[in-house]
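**Q** Quick one, entry.csv (CSV, N, CA and C atoms):
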```csv
chain,number,residue,atom,x,y,z
A,1175,MET,N,18.4,-26.8,-44.4
A,1175,MET,CA,17.6,-25.7,-44.1
A,1175,MET,C,16.8,-25.9,-42.8
A,1176,LYS,N,16.3,-27.2,-42.7
A,1176,LYS,CA,15.5,-27.5,-41.6
A,1176,LYS,C,16.3,-27.4,-40.3
A,1177,SER,N,17.6,-27.8,-40.4
A,1177,SER,CA,18.4,-27.8,-39.2
A,1177,SER,C,18.7,-26.4,-38.7
A,1178,ILE,N,18.8,-25.4,-39.7
A,1178,ILE,CA,19.0,-24.0,-39.4
A,1178,ILE,C,17.8,-23.4,-38.7
A,1179,SER,N,16.6,-23.8,-39.2
A,1179,SER,CA,15.4,-23.3,-38.5
A,1179,SER,C,15.2,-23.9,-37.1
A,1180,LEU,N,15.6,-25.2,-37.0
A,1180,LEU,CA,15.5,-25.8,-35.7
A,1180,LEU,C,16.5,-25.1,-34.7
A,1181,LEU,N,17.7,-24.9,-35.2
A,1181,LEU,CA,18.7,-24.2,-34.4
A,1181,LEU,C,18.2,-22.8,-33.9
A,1182,ALA,N,17.7,-22.1,-34.9
A,1182,ALA,CA,17.2,-20.7,-34.6
A,1182,ALA,C,16.1,-20.8,-33.5
A,1183,TYR,N,15.2,-21.8,-33.6
A,1183,TYR,CA,14.1,-22.0,-32.6
A,1183,TYR,C,14.7,-22.2,-31.3
A,1184,PHE,N,15.7,-23.1,-31.1
A,1184,PHE,CA,16.3,-23.4,-29.8
A,1184,PHE,C,17.0,-22.2,-29.3
A,1185,VAL,N,17.7,-21.4,-30.1
A,1185,VAL,CA,18.4,-20.2,-29.6
A,1185,VAL,C,17.4,-19.2,-29.1
A,1186,LEU,N,16.3,-19.0,-29.8
A,1186,LEU,CA,15.2,-18.1,-29.4
A,1186,LEU,C,14.6,-18.6,-28.1
A,1187,ALA,N,14.3,-19.9,-28.0
A,1187,ALA,CA,13.7,-20.4,-26.8
A,1187,ALA,C,14.6,-20.3,-25.6
A,1188,LEU,N,15.9,-20.5,-25.8
A,1188,LEU,CA,16.9,-20.3,-24.7
A,1188,LEU,C,16.9,-18.9,-24.3
A,1189,ALA,N,16.9,-17.9,-25.2
A,1189,ALA,CA,16.9,-16.5,-24.8
A,1189,ALA,C,15.7,-16.1,-24.1
A,1190,LEU,N,14.5,-16.6,-24.5
A,1190,LEU,CA,13.3,-16.2,-23.8
A,1190,LEU,C,13.3,-16.8,-22.4
A,1191,THR,N,13.7,-18.1,-22.3
A,1191,THR,CA,13.8,-18.7,-21.0
A,1191,THR,C,14.8,-18.0,-20.0
A,1192,ALA,N,15.9,-17.6,-20.5
A,1192,ALA,CA,16.9,-16.9,-19.7
A,1192,ALA,C,16.3,-15.5,-19.3
A,1193,ASN,N,15.6,-14.8,-20.1
A,1193,ASN,CA,15.0,-13.6,-19.8
A,1193,ASN,C,13.9,-13.8,-18.7
A,1194,ALA,N,13.1,-14.8,-18.9
A,1194,ALA,CA,12.0,-15.1,-17.9
A,1194,ALA,C,12.7,-15.5,-16.6
A,1195,GLU,N,13.8,-16.3,-16.5
A,1195,GLU,CA,14.4,-16.6,-15.3
A,1195,GLU,C,15.0,-15.4,-14.6
A,1196,SER,N,15.6,-14.4,-15.4
A,1196,SER,CA,16.1,-13.2,-14.9
A,1196,SER,C,15.0,-12.4,-14.2
A,1197,LYS,N,13.8,-12.3,-14.9
A,1197,LYS,CA,12.7,-11.5,-14.3
A,1197,LYS,C,12.2,-12.2,-13.0
A,1198,ASN,N,12.2,-13.6,-13.0
A,1198,ASN,CA,11.7,-14.3,-11.8
A,1198,ASN,C,12.7,-14.1,-10.7
A,1199,SER,N,14.0,-14.0,-11.0
A,1199,SER,CA,15.0,-13.9,-9.9
A,1199,SER,C,14.9,-12.4,-9.4
A,1200,LEU,N,14.4,-11.5,-10.1
A,1200,LEU,CA,14.3,-10.1,-9.7
A,1200,LEU,C,13.1,-9.9,-8.8
A,1201,GLU,N,12.1,-10.8,-8.9
A,1201,GLU,CA,10.9,-10.7,-8.1
A,1201,GLU,C,11.2,-10.9,-6.6
A,1202,GLY,N,10.6,-10.1,-5.8
A,1202,GLY,CA,10.7,-10.2,-4.4
A,1202,GLY,C,11.0,-8.9,-3.7
A,1203,HIS,N,11.4,-9.0,-2.4
A,1203,HIS,CA,11.7,-7.8,-1.6
A,1203,HIS,C,13.2,-7.6,-1.6
A,1204,TRP,N,13.7,-6.4,-1.8
A,1204,TRP,CA,15.1,-6.1,-1.8
A,1204,TRP,C,15.4,-4.9,-0.8
A,1205,VAL,N,16.6,-4.9,-0.3
A,1205,VAL,CA,17.1,-3.8,0.5
A,1205,VAL,C,18.2,-3.2,-0.4
A,1206,MET,N,18.1,-1.9,-0.7
A,1206,MET,CA,19.1,-1.3,-1.6
A,1206,MET,C,19.8,-0.2,-0.7
A,1207,HIS,N,21.1,-0.5,-0.6
A,1207,HIS,CA,22.0,0.5,0.1
A,1207,HIS,C,22.5,1.5,-0.9
A,1208,LEU,N,22.0,2.7,-0.9
A,1208,LEU,CA,22.4,3.7,-1.9
A,1208,LEU,C,23.3,4.7,-1.2
A,1209,TYR,N,24.5,4.8,-1.7
A,1209,TYR,CA,25.5,5.7,-1.2
A,1209,TYR,C,25.6,7.0,-1.9
A,1210,LEU,N,25.2,8.1,-1.2
A,1210,LEU,CA,25.2,9.5,-1.7
A,1210,LEU,C,26.3,10.3,-1.0
A,1211,GLY,N,27.5,10.3,-1.5
A,1211,GLY,CA,28.6,10.9,-0.8
A,1211,GLY,C,28.8,10.2,0.6
A,1212,THR,N,28.6,11.0,1.7
A,1212,THR,CA,28.8,10.4,3.0
A,1212,THR,C,27.5,9.9,3.6
A,1213,GLN,N,26.4,10.0,2.9
A,1213,GLN,CA,25.1,9.6,3.3
A,1213,GLN,C,24.8,8.2,2.8
A,1214,LEU,N,24.1,7.4,3.6
A,1214,LEU,CA,23.7,6.0,3.2
A,1214,LEU,C,22.2,5.9,3.4
A,1215,PHE,N,21.5,5.5,2.3
A,1215,PHE,CA,20.1,5.3,2.4
A,1215,PHE,C,19.8,3.9,2.3
A,1216,ASP,N,18.9,3.3,3.1
A,1216,ASP,CA,18.5,1.9,3.0
A,1216,ASP,C,17.1,1.9,2.5
A,1217,ASN,N,17.0,1.9,1.1
A,1217,ASN,CA,15.8,1.9,0.4
A,1217,ASN,C,15.2,0.5,0.4
A,1218,GLN,N,13.9,0.4,0.2
A,1218,GLN,CA,13.2,-0.9,0.1
A,1218,GLN,C,12.6,-1.0,-1.3
A,1219,ILE,N,12.8,-2.1,-2.0
A,1219,ILE,CA,12.3,-2.3,-3.3
A,1219,ILE,C,11.4,-3.6,-3.3
A,1220,HIS,N,10.3,-3.5,-3.9
A,1220,HIS,CA,9.4,-4.7,-4.0
A,1220,HIS,C,9.1,-4.8,-5.5
A,1221,ILE,N,9.3,-6.0,-6.0
A,1221,ILE,CA,9.1,-6.3,-7.5
A,1221,ILE,C,8.3,-7.6,-7.6
A,1222,GLU,N,7.3,-7.6,-8.4
A,1222,GLU,CA,6.4,-8.7,-8.6
A,1222,GLU,C,5.9,-8.8,-10.1
A,1223,SER,N,5.4,-9.9,-10.4
A,1223,SER,CA,4.8,-10.1,-11.8
A,1223,SER,C,3.5,-9.2,-11.9
A,1224,ASP,N,3.3,-8.8,-13.1
A,1224,ASP,CA,2.0,-8.1,-13.4
A,1224,ASP,C,1.2,-9.0,-14.3
A,1225,PRO,N,-0.1,-8.7,-14.3
A,1225,PRO,CA,-1.1,-9.5,-15.1
A,1225,PRO,C,-0.7,-9.7,-16.6
A,1226,ALA,N,0.0,-8.7,-17.1
A,1226,ALA,CA,0.3,-8.8,-18.5
A,1226,ALA,C,1.5,-9.7,-18.8
A,1227,GLY,N,2.1,-10.3,-17.8
A,1227,GLY,CA,3.3,-11.1,-18.0
A,1227,GLY,C,4.6,-10.4,-17.8
A,1228,GLY,N,4.6,-9.1,-17.5
A,1228,GLY,CA,5.8,-8.4,-17.2
A,1228,GLY,C,6.1,-8.3,-15.7
A,1229,ILE,N,6.8,-7.3,-15.3
A,1229,ILE,CA,7.1,-7.1,-13.9
A,1229,ILE,C,6.8,-5.7,-13.5
A,1230,LYS,N,6.5,-5.5,-12.3
A,1230,LYS,CA,6.2,-4.1,-11.8
A,1230,LYS,C,6.8,-4.0,-10.4
A,1231,GLY,N,6.9,-2.8,-9.9
A,1231,GLY,CA,7.5,-2.7,-8.5
A,1231,GLY,C,7.4,-1.3,-8.0
A,1232,THR,N,7.9,-1.1,-6.7
A,1232,THR,CA,7.9,0.2,-6.1
A,1232,THR,C,9.3,0.3,-5.4
A,1233,ILE,N,9.6,1.5,-5.1
A,1233,ILE,CA,10.8,1.8,-4.3
A,1233,ILE,C,10.3,2.7,-3.2
A,1234,MET,N,10.8,2.4,-1.9
A,1234,MET,CA,10.4,3.2,-0.8
A,1234,MET,C,11.7,3.8,-0.2
A,1235,VAL,N,11.8,5.1,-0.2
A,1235,VAL,CA,12.9,5.8,0.4
A,1235,VAL,C,12.4,6.3,1.8
A,1236,PRO,N,12.9,5.6,2.9
A,1236,PRO,CA,12.3,5.9,4.2
A,1236,PRO,C,12.2,7.4,4.5
A,1237,ASN,N,11.0,7.8,5.0
A,1237,ASN,CA,10.7,9.2,5.5
A,1237,ASN,C,10.8,10.2,4.3
A,1238,ARG,N,10.7,9.7,3.1
A,1238,ARG,CA,10.8,10.6,1.9
A,1238,ARG,C,9.6,10.3,0.9
A,1239,PHE,N,9.6,9.1,0.3
A,1239,PHE,CA,8.6,8.8,-0.7
A,1239,PHE,C,8.6,7.3,-1.0
A,1240,THR,N,7.4,6.9,-1.5
A,1240,THR,CA,7.3,5.6,-2.1
A,1240,THR,C,6.7,5.8,-3.5
A,1241,VAL,N,7.4,5.3,-4.6
A,1241,VAL,CA,6.9,5.5,-5.9
A,1241,VAL,C,7.1,4.3,-6.8
A,1242,PRO,N,6.3,4.2,-7.8
A,1242,PRO,CA,6.4,3.0,-8.7
A,1242,PRO,C,7.7,3.0,-9.5
A,1243,LEU,N,8.2,1.8,-9.8
A,1243,LEU,CA,9.4,1.7,-10.7
A,1243,LEU,C,8.8,1.8,-12.1
A,1244,ARG,N,9.5,2.4,-13.0
A,1244,ARG,CA,9.1,2.6,-14.4
A,1244,ARG,C,10.1,2.0,-15.3
A,1245,ASN,N,9.7,1.5,-16.4
A,1245,ASN,CA,10.6,1.0,-17.5
A,1245,ASN,C,11.5,0.0,-17.0
A,1246,ILE,N,11.0,-1.0,-16.2
A,1246,ILE,CA,11.9,-2.1,-15.7
A,1246,ILE,C,12.4,-2.9,-16.9
A,1247,ARG,N,13.7,-3.0,-17.0
A,1247,ARG,CA,14.3,-3.8,-18.1
A,1247,ARG,C,15.3,-4.8,-17.5
A,1248,VAL,N,15.2,-6.1,-18.0
A,1248,VAL,CA,16.1,-7.1,-17.6
A,1248,VAL,C,16.6,-7.7,-18.9
A,1249,VAL,N,17.9,-7.6,-19.2
A,1249,VAL,CA,18.6,-8.1,-20.4
A,1249,VAL,C,19.8,-8.9,-19.9
A,1250,GLY,N,19.7,-10.2,-19.8
A,1250,GLY,CA,20.8,-11.0,-19.3
A,1250,GLY,C,21.0,-10.6,-17.8
A,1251,GLU,N,22.2,-10.2,-17.5
A,1251,GLU,CA,22.5,-9.7,-16.1
A,1251,GLU,C,22.2,-8.3,-15.9
A,1252,ALA,N,22.0,-7.5,-17.0
A,1252,ALA,CA,21.8,-6.1,-16.9
A,1252,ALA,C,20.3,-5.8,-16.4
A,1253,ILE,N,20.2,-4.9,-15.5
A,1253,ILE,CA,18.9,-4.5,-14.9
A,1253,ILE,C,18.9,-2.9,-14.9
A,1254,SER,N,17.7,-2.4,-15.3
A,1254,SER,CA,17.5,-0.9,-15.2
A,1254,SER,C,16.1,-0.6,-14.9
A,1255,PHE,N,15.9,0.5,-14.3
A,1255,PHE,CA,14.5,1.0,-14.1
A,1255,PHE,C,14.7,2.5,-13.7
A,1256,ASP,N,13.6,3.2,-13.8
A,1256,ASP,CA,13.7,4.6,-13.4
A,1256,ASP,C,12.5,5.0,-12.5
A,1257,ILE,N,12.6,6.1,-11.9
A,1257,ILE,CA,11.5,6.6,-11.1
A,1257,ILE,C,11.3,8.1,-11.3
A,1258,GLU,N,10.1,8.5,-10.9
A,1258,GLU,CA,9.8,10.0,-10.8
A,1258,GLU,C,9.4,10.2,-9.4
A,1259,ALA,N,10.0,11.1,-8.7
A,1259,ALA,CA,9.7,11.4,-7.3
A,1259,ALA,C,9.6,12.9,-7.1
A,1260,ASP,N,9.1,13.3,-5.9
A,1260,ASP,CA,8.9,14.7,-5.6
A,1260,ASP,C,9.1,14.8,-4.1
A,1261,GLU,N,10.0,15.5,-3.6
A,1261,GLU,CA,10.3,15.7,-2.2
A,1261,GLU,C,9.8,17.1,-1.7
A,1262,GLY,N,8.9,17.7,-2.5
A,1262,GLY,CA,8.4,19.0,-2.2
A,1262,GLY,C,9.0,20.2,-2.9
A,1263,ARG,N,10.0,19.9,-3.7
A,1263,ARG,CA,10.7,20.9,-4.5
A,1263,ARG,C,10.4,20.8,-6.0
A,1264,GLY,N,9.5,19.9,-6.4
A,1264,GLY,CA,9.2,19.6,-7.7
A,1264,GLY,C,9.7,18.2,-8.1
A,1265,PRO,N,9.2,17.7,-9.2
A,1265,PRO,CA,9.5,16.3,-9.5
A,1265,PRO,C,11.0,16.2,-10.1
A,1266,PHE,N,11.6,15.0,-9.8
A,1266,PHE,CA,12.9,14.7,-10.4
A,1266,PHE,C,12.8,13.3,-10.8
A,1267,HIS,N,13.8,12.9,-11.7
A,1267,HIS,CA,13.8,11.6,-12.3
A,1267,HIS,C,15.2,10.9,-12.1
A,1268,VAL,N,15.1,9.7,-11.7
A,1268,VAL,CA,16.4,8.9,-11.4
A,1268,VAL,C,16.3,7.6,-12.2
A,1269,LEU,N,17.5,7.3,-12.8
A,1269,LEU,CA,17.7,6.1,-13.6
A,1269,LEU,C,18.6,5.2,-12.7
A,1270,TYR,N,18.2,4.0,-12.5
A,1270,TYR,CA,19.0,3.0,-11.8
A,1270,TYR,C,19.5,2.0,-12.8
A,1271,GLU,N,20.8,1.8,-12.9
A,1271,GLU,CA,21.3,0.8,-13.8
A,1271,GLU,C,22.3,-0.1,-13.0
A,1272,GLY,N,22.2,-1.4,-13.2
A,1272,GLY,CA,23.1,-2.3,-12.5
A,1272,GLY,C,23.2,-3.7,-13.2
A,1273,ARG,N,23.9,-4.6,-12.5
A,1273,ARG,CA,24.1,-5.9,-13.0
A,1273,ARG,C,23.8,-6.9,-11.8
A,1274,MET,N,23.1,-8.0,-12.2
A,1274,MET,CA,22.8,-9.0,-11.2
A,1274,MET,C,24.0,-10.0,-11.1
A,1275,HIS,N,24.3,-10.3,-9.9
A,1275,HIS,CA,25.3,-11.4,-9.6
A,1275,HIS,C,24.7,-12.7,-10.1
A,1276,ALA,N,25.5,-13.7,-10.4
A,1276,ALA,CA,25.1,-15.0,-10.9
A,1276,ALA,C,24.2,-15.7,-9.9
A,1277,ASN,N,24.3,-15.4,-8.6
A,1277,ASN,CA,23.5,-16.1,-7.6
A,1277,ASN,C,22.0,-15.6,-7.6
A,1278,GLY,N,21.7,-14.4,-8.3
A,1278,GLY,CA,20.4,-13.9,-8.4
A,1278,GLY,C,19.9,-13.2,-7.1
A,1279,LYS,N,20.8,-13.0,-6.1
A,1279,LYS,CA,20.4,-12.4,-4.8
A,1279,LYS,C,21.0,-11.0,-4.6
A,1280,VAL,N,21.9,-10.6,-5.5
A,1280,VAL,CA,22.6,-9.3,-5.3
A,1280,VAL,C,22.7,-8.6,-6.7
A,1281,PHE,N,22.3,-7.3,-6.7
A,1281,PHE,CA,22.7,-6.5,-7.9
A,1281,PHE,C,23.3,-5.2,-7.5
A,1282,VAL,N,24.3,-4.7,-8.3
A,1282,VAL,CA,25.0,-3.5,-7.9
A,1282,VAL,C,25.0,-2.6,-9.1
A,1283,GLY,N,25.1,-1.3,-8.8
A,1283,GLY,CA,25.1,-0.3,-9.9
A,1283,GLY,C,25.2,1.1,-9.5
A,1284,TYR,N,24.6,2.0,-10.2
A,1284,TYR,CA,24.6,3.4,-9.9
A,1284,TYR,C,23.3,4.1,-10.3
A,1285,ALA,N,23.0,5.2,-9.7
A,1285,ALA,CA,21.8,6.0,-9.9
A,1285,ALA,C,22.2,7.3,-10.5
A,1286,THR,N,21.5,7.7,-11.5
A,1286,THR,CA,21.7,9.0,-12.2
A,1286,THR,C,20.5,9.9,-12.2
A,1287,ILE,N,20.6,11.1,-11.8
A,1287,ILE,CA,19.5,12.1,-12.0
A,1287,ILE,C,19.5,12.4,-13.4
A,1288,THR,N,18.4,12.0,-14.1
A,1288,THR,CA,18.4,12.2,-15.6
A,1288,THR,C,18.0,13.6,-16.0
A,1289,ASP,N,17.4,14.4,-15.1
A,1289,ASP,CA,17.1,15.8,-15.4
A,1289,ASP,C,18.3,16.6,-15.8
A,1290,ASN,N,19.4,16.3,-15.2
A,1290,ASN,CA,20.7,17.0,-15.5
A,1290,ASN,C,21.9,16.1,-15.7
A,1291,ASN,N,21.6,14.8,-15.9
A,1291,ASN,CA,22.6,13.8,-16.1
A,1291,ASN,C,23.7,13.8,-15.0
A,1292,THR,N,23.3,13.9,-13.8
A,1292,THR,CA,24.2,14.0,-12.6
A,1292,THR,C,24.2,12.6,-11.9
A,1293,LEU,N,25.4,12.1,-11.6
A,1293,LEU,CA,25.6,10.9,-10.8
A,1293,LEU,C,25.0,11.1,-9.4
A,1294,LEU,N,24.1,10.4,-9.0
A,1294,LEU,CA,23.5,10.5,-7.7
A,1294,LEU,C,24.4,9.7,-6.7
A,1295,GLY,N,24.7,8.4,-7.1
A,1295,GLY,CA,25.5,7.6,-6.2
A,1295,GLY,C,25.5,6.1,-6.7
A,1296,GLY,N,26.2,5.3,-5.9
A,1296,GLY,CA,26.3,3.9,-6.2
A,1296,GLY,C,25.4,3.1,-5.3
A,1297,PHE,N,25.0,1.9,-5.6
A,1297,PHE,CA,24.1,1.1,-4.8
A,1297,PHE,C,24.5,-0.4,-4.8
A,1298,VAL,N,24.1,-1.1,-3.7
A,1298,VAL,CA,24.1,-2.5,-3.6
A,1298,VAL,C,22.8,-2.9,-3.2
A,1299,ALA,N,22.1,-3.8,-3.9
A,1299,ALA,CA,20.8,-4.3,-3.6
A,1299,ALA,C,20.9,-5.8,-3.3
A,1300,GLN,N,20.3,-6.2,-2.1
A,1300,GLN,CA,20.3,-7.6,-1.7
A,1300,GLN,C,18.9,-8.1,-1.5
A,1301,LYS,N,18.6,-9.2,-2.0
A,1301,LYS,CA,17.3,-9.8,-1.9
A,1301,LYS,C,17.1,-10.3,-0.5
A,1302,LYS,N,15.9,-9.9,0.1
A,1302,LYS,CA,15.6,-10.4,1.4
A,1302,LYS,C,15.2,-11.9,1.4
A,1303,GLN,N,15.6,-12.6,2.4
A,1303,GLN,CA,15.2,-14.0,2.5
A,1303,GLN,C,13.8,-14.1,3.2
A,1304,ASN,N,12.9,-14.9,2.6
A,1304,ASN,CA,11.6,-15.0,3.2
A,1304,ASN,C,11.6,-15.9,4.4
```
Written as structure tokens, how would this file's structure read?
**A**
Amino acid sequence: MKSISLLAYFVLALALTANAESKNSLEGHWVMHLYLGTQLFDNQIHIESDPAGGIKGTIMVPNRFTVPLRNIRVVGEAISFDIEADEGRGPFHVLYEGRMHANGKVFVGYATITDNNTLLGGFVAQKKQN
């Protein structure tokens, strides 16, 4: 019984460490190329640790808006967050879902307008080198 408890402890510790490493690899400045049909947007994302031990961030869509990232989730290679923005026609909500490459410097995915469950487009985000 003692060996099962010890094994469970190591599995939990490994999972917590992997999640912490994933959050740490997400921290930093990112350029997100968002493809909307024939349009390409070069968005800027900044992610950092928050005082509570989680992560927080913002997304800047040039000449349109800068808003906080909400509900940032990192589970293994899977990453998701959402935003609420307003470009003068009323607020809209976008969910970004993607997967981190093993190198921790690129994640790819898609963006969905959650107000009507419409695919907005695909993206590639690359971490900026300091």
**Q** Go through A:His1267, A:Ser1199, A:Pro1236, A:Met1206 and flag the residue nearest A:Glu1222, using only C-alpha atoms for the distances.
**A**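 Answer, going by the shortest atom-to-atom distance: A:Ser1199.
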**Q** Can you pull out every residue within 6.5 Å of A:Gly1295, counting only N, CA and C atoms, but drop anything in the same chain fewer than 2 positions away, and send it as a PyMOL selection string?
**A** chain A and resi 1208-1211+1283-1286+1292-1293+1297
**Q** Rank A:Met1274, A:Val1235, A:Ala1226, A:Leu1269 by their smallest atom-to-atom distance to A:Gly1250, using only N, CA and C atoms, and report the top residue only.
**A**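 So, comparing all the options, the nearest one is A:Met1274.
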**Q** Can you list every residue in chain A that DSSP puts in strand (DSSP E or B), as a VMD selection string?
**A** chain A and resid 1202 to 1210 1213 to 1223 1229 to 1235 1239 to 1242 1244 to 1249 1252 to 1260 1265 to 1274 1280 to 1287 1292 to 1301
**Q** List every protein, DNA or RNA residue that has an atom no more than 8 Å from (15.7, 8.7, -9.5) in the file's coordinate frame, counting only N, CA and C atoms, and report them as a PyMOL selection string.
**A** chain A and resi 1255-1259+1266-1270+1285-1288
**Q** Kindly give the distance, in Å, that separates atom CA of A:Leu1243 and atom CA of A:Gln1303, rounded to a single decimal.
**A** 21.3 Å
**Q** With only C-alpha atoms as the atoms that count, which of A:Lys1279, A:Gln1300, A:Phe1239, A:Leu1294 lies nearest to A:Leu1214?
**A**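 Of all the options, A:Leu1294 lies closest to A:Leu1214.
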